[in-house]
Structures are given as C-alpha cells and as structure tokens.
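Participant: Got a structure for you, questions after.
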Amino acid sequence: MRAVYSALCTFAVLFSVAADLKTGDCSGIREAYIAMGFNSEDVPEQETEGVHLRVCAQEKTCCSTEVEENFTQRSKHEFEKLLDEVTEELRNTFISRHKRFDEFFLQLLDSTERSLNEMFVRTYGKPYMQNAEVFQGLFAELKRYYTGGNVNLGEMLSDFWTRLLERMFQLLNSEYVITEDYLDCISKYMDELKPFGDVPKKLKSQVTRAFVTARTFVQGLMVGREVANRLSKVSMSLACVKTFTRMLYCPYCAGLLTAKPCRHYCLSVLRGCVASQADLDPEWRHYIDAMLLLTEKLEGPFNIESVMEPIDVKISEAIMNMQDKSVQLSYQVFQGCGQPKASGTSRSARGVSDVFNVRFRPYGPEELPTTAAGTSLDRLRTVWKAMQSSVTDIKEKLGHFKQFWSVLPEAVCQEEHVAAEGAEEASCWSGQEQGGADPKVLKDEVTDQVNNPEAGLDISRPDSLIRQQVMALRVMTNKLRSAYNGNDISSQDSSDEISGSGSGSGCMESCVTSPDTPVTQGPVPGVDRQAEQGSAPPHSQPHLPLLLSTLTVLNLCR
C-alpha cells in the first residue's frame with residue numbers, strides 16, 4: 001500500500017534541494033519533474049505569472065500548462081492506484097477465506113461419503129455394494145446444492161428415501177417379481193407407512209439447516225469480495241482529480257516543495273472523493289452483522305459436523321427400523337398395491353439372502369477402529385477442526401472490516417502518512433497557503449459534501465454503481481438473515497442465483513461466467529412478488545422500487 005506514496009517520499013528528498021534557492025528560480029521543481037520521468041523543457045527557467053493555470057492558484061509559479069496537466073494525470077493515476085491498494089487487503093481476505101471455507105466444506109463432504117461407504121461395506125457387505133449408487137446419488141445432490149445447483153433439498157431427500165425403500169422392499173421380498181409400476185405404488189404409501197420411522201424427518205431438518213447455512217455463507221463471502229472489487233475500480237470524477245492534484249502537486253507550483261497536506265485538508269479531499277463509497281457504509285454494516293450472525297450457526301447446534309459425522313449412523317438406524325417391521329410393512333403394501341406375482345424361485349435359491357441384516361452401532365471413544373474406517377473417521381474430524389478454525393478466522397476478519405468504508409479517508413491520510421503529522425503541521429499545505437487554519441471536518445456521506453469546498457460533487461445525481469452494490473448487499477443480507485432462521489430464499493426462486501467461478505458460488509448449470517468478471521448477488525424476485533401480491537390490491541401495478549431493484553441486479557448478473 002505504501003508503494004503509491006513512495007514516490008512522494010522521493011519527491012520530498014528531491015524538492016528539499018530547492019529550499020535555499022533564490023526566489024524565482026525553478027531549478028528545484030525541474031529536478032523533481034525530471035525524476036518523475038517528464039521532459040525538463042516543460043519547466044521554465046524562472047517563475048512566470050500563473051494566469052494559464054486551471055487547477056492551481058493563478059499566482060507566480062514554475063508550473064507551465066504542460067506541467068500542470070502532467071501533474072493532473074499523475075494525480076489521477078496515483079489516486080486510482082491508491083484506492084486499489086488500500087482495498088487490497090479487504091479483497092484478498094474475502095478471496096482467501098472464501099477459498100478456504102469452500103475447500104474445507106467440499107473435503108468434509110468427500111470425507112463423510114468415504115466414511116459412510118467404508119463403514120457400510122464392512123457392516124452390510126454385498127447388499128450395500130449392490131445398491132451403493134443410491135447413497136452416491138445422495139452425496140452428489142448434496143454437493144450440487146452446495147455448489148449452487150437448482151436442488152430442492154426437501155424433495156431430493158424424499159427421493160433418496162423413496163429409492164432406498166424400493167431397493168430394500170425388493171431385497172426383503174425377493175421371492176416376488178416387483179415391477180416398476182408396483183414400485184410406483186409403494187412410493188405412494190411412503191408417508192402413511194413411515195418405513196424408516198422418524199429418521200427421514202429429523203435428518204431433513206438437520207441437513208436443510210446445515211446446508212442452507214453453509215451455502216448462503218459461502219455466497220456471502222463471494223458477494224463481499226465482489227463489492228470490494230468493484231468499488232476499488234471506481235473512476236475518479238473530474239472534481240476529484242482537480243482537488244487531489246491541488247492537494248498533492250499545487251504546493252510544488254507554489255514553491256512549497258516539502259509541505260505535506262494539512263490533516264483536515266486531506267480528510268476533506270478524501271471524503272469528497274470517496275463520498276459515494278461512504279454511502280455504502282450502512283448497508284455494508286448490516287451485511288457484516290448478518291455474516292457474523294451466520295457464523296454463530298456454523299459454530300452452534302446446527303453446524304455441519306453435527307449433521308455429517310453421524311449421518312451413516314442415522315441412515316443405518318432407518319434401515320434397521322424398516323427391517324424390524326418388514327413383515328408388517330410387506331403386508332400393508334400387499335393390501336394397498338395387491339399381491340405381486342411369485343418369481344418361482346425362493347429367496348435362498350436365488351442367493352438374495354444378503355439383506356441388510358446386521359445392526360450398525362456407532363463406536364465408543366475407547367473402541368475406535370484402527371482400520372481404514374477408523375482412518376476415515378479421523379480424517380473427517382481433522383477436516384472439521386480445520387473448518388472450525390476457518391470460521392473463527394473469518395469471524396475475526398469480518399469484525400475488523402465492519403467500518404472499512406467509513407474510515408477509508410482516515411486510512412489514507414493518517415495510516416499512510418499522507419497528511420502532515422506532529423511538527424509538520426505548523427508548515428502544512430491547506431490548499432491555498434502554508435500553515436492554514438483547521439476547519440471543521442465534515443461527515444462522510446454524499447449529502448454532507450454539499451458544504452465541503454473540496455468536494456465539487458453533484459449530489460443530485462447518485463452514483464449508479466454504488467446503488468447497484470447497495471442493492472447487492474441488501475439482497476445478500478436478506479438471504480443471510482433467512483438462512484439464520486433456517487430458510488433458503490433461493491429454493492423459492494432459484495433462477496436468480498448468484499453467479500461465480502468457484503464452488504459454492506451459486507452459479508446455475510446454465511450460467512457461464514468469466515473468472516475475471518466481477519459478479520454480485522442477484523435478487524430473488526419470486527419472493528418479492530409473493531410478498532407484494534399478499535399486501536397489494538388485486539389490480540395494483542408493480543411498485544417502481546421493486547422493478548428498479550430487479551433490473552439493477554439482473555444487469556449486474558449480465
């Protein structure tokens with residue numbers, strides 16, 4: 001970050017040689033001007049009247065029109081580079097934390113699937129291996145949901161239990177010919193029969209809460225990164241270019257080659273230039289609060305570990321429930337769907353006696369296996385600990401960046417030592433003279449800049465890019481709060497998923513996005529329409545804010 005102002009330090013050294021030069025001599029500024037890479041012929045030998053100047057004061061000066069223009073262009077480049085570097089830590093934090101969380105979560109899914117596979121192979125053997133694709137499909141759909149696929153968790157889990165019921169019913173009644181039509185009939189009695197007890201209901205609640213939390217959280221990290229990325233590329237207004245040039249380079253034109261900007265002056269200039277970013281601050285704070293709220297869920301009773309680690313035990317419990325009442329279950333099915341045709345071969349003769357007939361139980365702490373299954377459990381817990389550490393780290397970083405946009409001017413003027421400090425303040429540059437007064441420092445928002453002499457902003461024309469980012473944060477904040485309450489907004493209208501290049505980004509299968517293209521969270525028009533229909537008169541027209549919000553974020557997605 002200090003690279004932007006390393007040049008200013010060099011300038012100060014070079015300019016100091018002019019401190020003892022006689023009045024009117026321009027050799028000092030010429031040396032500094034040459035050090036910047038410009039042509040020395042642009043600088044006159046002696047001071048001239050400054051009537052030609054358009055940014056700096058029209059007084060006697062060593063700055064020609066060319067010198068002032070080059071200073072202006074240099075100021076624009078330095079400001080944009082500064083803004084990019086001062087937001088670099090913010091952007092990098094979101095990038096790295098998104099990547100870590102995403103990797104750990106996918107590792108956790110893979111480890112859980114391997115653990116279940118190893119334990120079920122050892123426990124159930126051939127019957128499991130012959131039907132392993134049912135369980136593989138479960139994890140494939142869970143991963144697809146997390147990575148942004150159009151998956152309804154409730155429906156997907158219902159389909160899993162239905163498929164498991166069909167496979168087990170065939171195993172338990174292998175002496176009959178079970179057709180596809182007969183299987184369809186069985187599935188209609190799923191809710192009435194409850195073959196797996198209350199396990200499906202409990203698991204659905206736990207899986208839904210855990211995965212909604214994880215997917216929404218990783219999407220939130222993506223949105224934070226993209227908002228920071230976009231705001232680091234904001235172009236300078238003409239007014240900002242002039243005020244920044246006046247602050248950094250007009251002292252040289254006035255012969256004050258070593259004077260730094262006064263603190264109040266620096267803050268006024270920066271607050272005028274980044275006033276639009278400061279307007280983002282309230283929504284940014286709400287977004288950070290919602291992200292922090294969701295970290296509590298990731299650390300609390302509905303965390304991923306509490307769902308994923310015992311999932312094999314819960315599924316096995318469901319299998320045992322069905323086996324325990326297999327006779328009664330078959331009788332009820334036969335009553336409802338009719339007696340299937342006999343296959344003509346007994347179960348033992350067909351070699352299909354390998355039903356899920358071994359009751360699975362979890363290992364106690366003192367009897368953890370040392371086989372591959374034990375290794376898988378250890379791996380699962382290792383990944384979870386790493387993920388917990390990642391969440392804690394993200395929580396600390398989010399708190400650190402909560403006031404980022406409101407303190408941006410102070411970060412530049414004070415932390416980067418742009419403004420004068422201590423003894424330097426007595427001879428600081430006030431924009432017009434050396435050692436100026438210390439006027440009141442204004443607030444940050446755009447509306448406060450109407451009284452800022454250094455702003456030159458047209459507050460009647462709000463920045464469209466800022467409004468887009470405010471909307472993106474607002475939509476994401478609503479999703480985060482809904483996820484905290486266990487609700488997935490995107491499941492109500494999945495067509496507006498956030499697009500992105502990484503896992504967990506929420507990009508639909510039909511979404512193709514360049515990795516370098518900034519993207520932000522889209523709205524959920526379906527939810528807004530439902531709310532509107534519930535409160536508006538039957539013949540009311542769509543509200544203008546809703547229409548603008550939808551169009552704004554659709555434009556971002558494009």
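In the structure tokens, each chain is lettered A, B, ... as it comes, each chain's residues begin at 1, and ligands are numbered from 1 in order of appearance.
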Going by DSSP on the backbone, which residues of range 286-322 of chain A come out as alpha helix (DSSP H)? List them as a ChimeraX atom specification.

Facilitator: /A:286-299,304-308,311-322

Participant: To one decimal in Å, tell me the separation between CA of Asp488 in chain A and CA of Val212 in chain A.

Facilitator: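 A separation of 5.9 Å between them.
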
Participant: Of the candidates A:Ser406, A:Tyr145, A:Glu69, A:Ala426, which shows the shortest atom-to-atom distance to Ala278 in chain A, using only C-alpha atoms?

Facilitator: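 Nearest candidate to Ala278 in chain A out of A:Ser406, A:Tyr145, A:Glu69, A:Ala426: A:Ser406.
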
Participant: Using only C-alpha atoms, which residues sit within 6 Å of range 473-484 of chain A once same-chain residues fewer than 4 positions away are excluded, as a list in words?

Facilitator: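 Final neighbour list, sorted by chain and number: Val212, Thr213, Tyr287, Ala290, Leu294, Asp488 and Pro523 of chain A.
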
Participant: Residues of the last selection are to be written out with N, CA and C atoms, as a tab-separated table (two decimals), in the first residue's frame.

Facilitator:
chain	number	residue	atom	x	y	z
A	212	VAL	N	-28.17	-25.06	4.09
A	212	VAL	CA	-28.60	-23.68	3.78
A	212	VAL	C	-27.63	-22.69	4.39
A	213	THR	N	-27.22	-22.96	5.62
A	213	THR	CA	-26.27	-22.08	6.29
A	213	THR	C	-24.94	-22.03	5.55
A	287	TYR	N	-24.73	-5.99	6.33
A	287	TYR	CA	-24.24	-7.22	5.70
A	287	TYR	C	-23.24	-7.93	6.61
A	290	ALA	N	-24.98	-9.56	9.50
A	290	ALA	CA	-25.67	-10.78	9.09
A	290	ALA	C	-24.68	-11.93	8.88
A	294	LEU	N	-24.47	-15.49	11.03
A	294	LEU	CA	-24.46	-16.83	10.45
A	294	LEU	C	-23.26	-17.65	10.93
A	488	ASP	N	-34.26	-21.08	3.09
A	488	ASP	CA	-33.46	-20.86	1.88
A	488	ASP	C	-34.30	-20.10	0.88
A	523	PRO	N	-31.02	-10.58	-6.95
A	523	PRO	CA	-32.18	-10.54	-6.07
A	523	PRO	C	-32.99	-11.82	-6.19

Participant: List the neighbours of Asp312 in chain A out to 8 Å using only C-alpha atoms; skip same-chain residues closer than 6 positions along the sequence, and give me the result as JSON, numbers by chain.

Facilitator: {"A": [115, 116, 119, 120]}

Participant: Among range 23-188 of chain A, which ones does DSSP place in strand (DSSP E or B), written as a VMD selection string?

Facilitator: chain A and resid 25 46 48 61 176
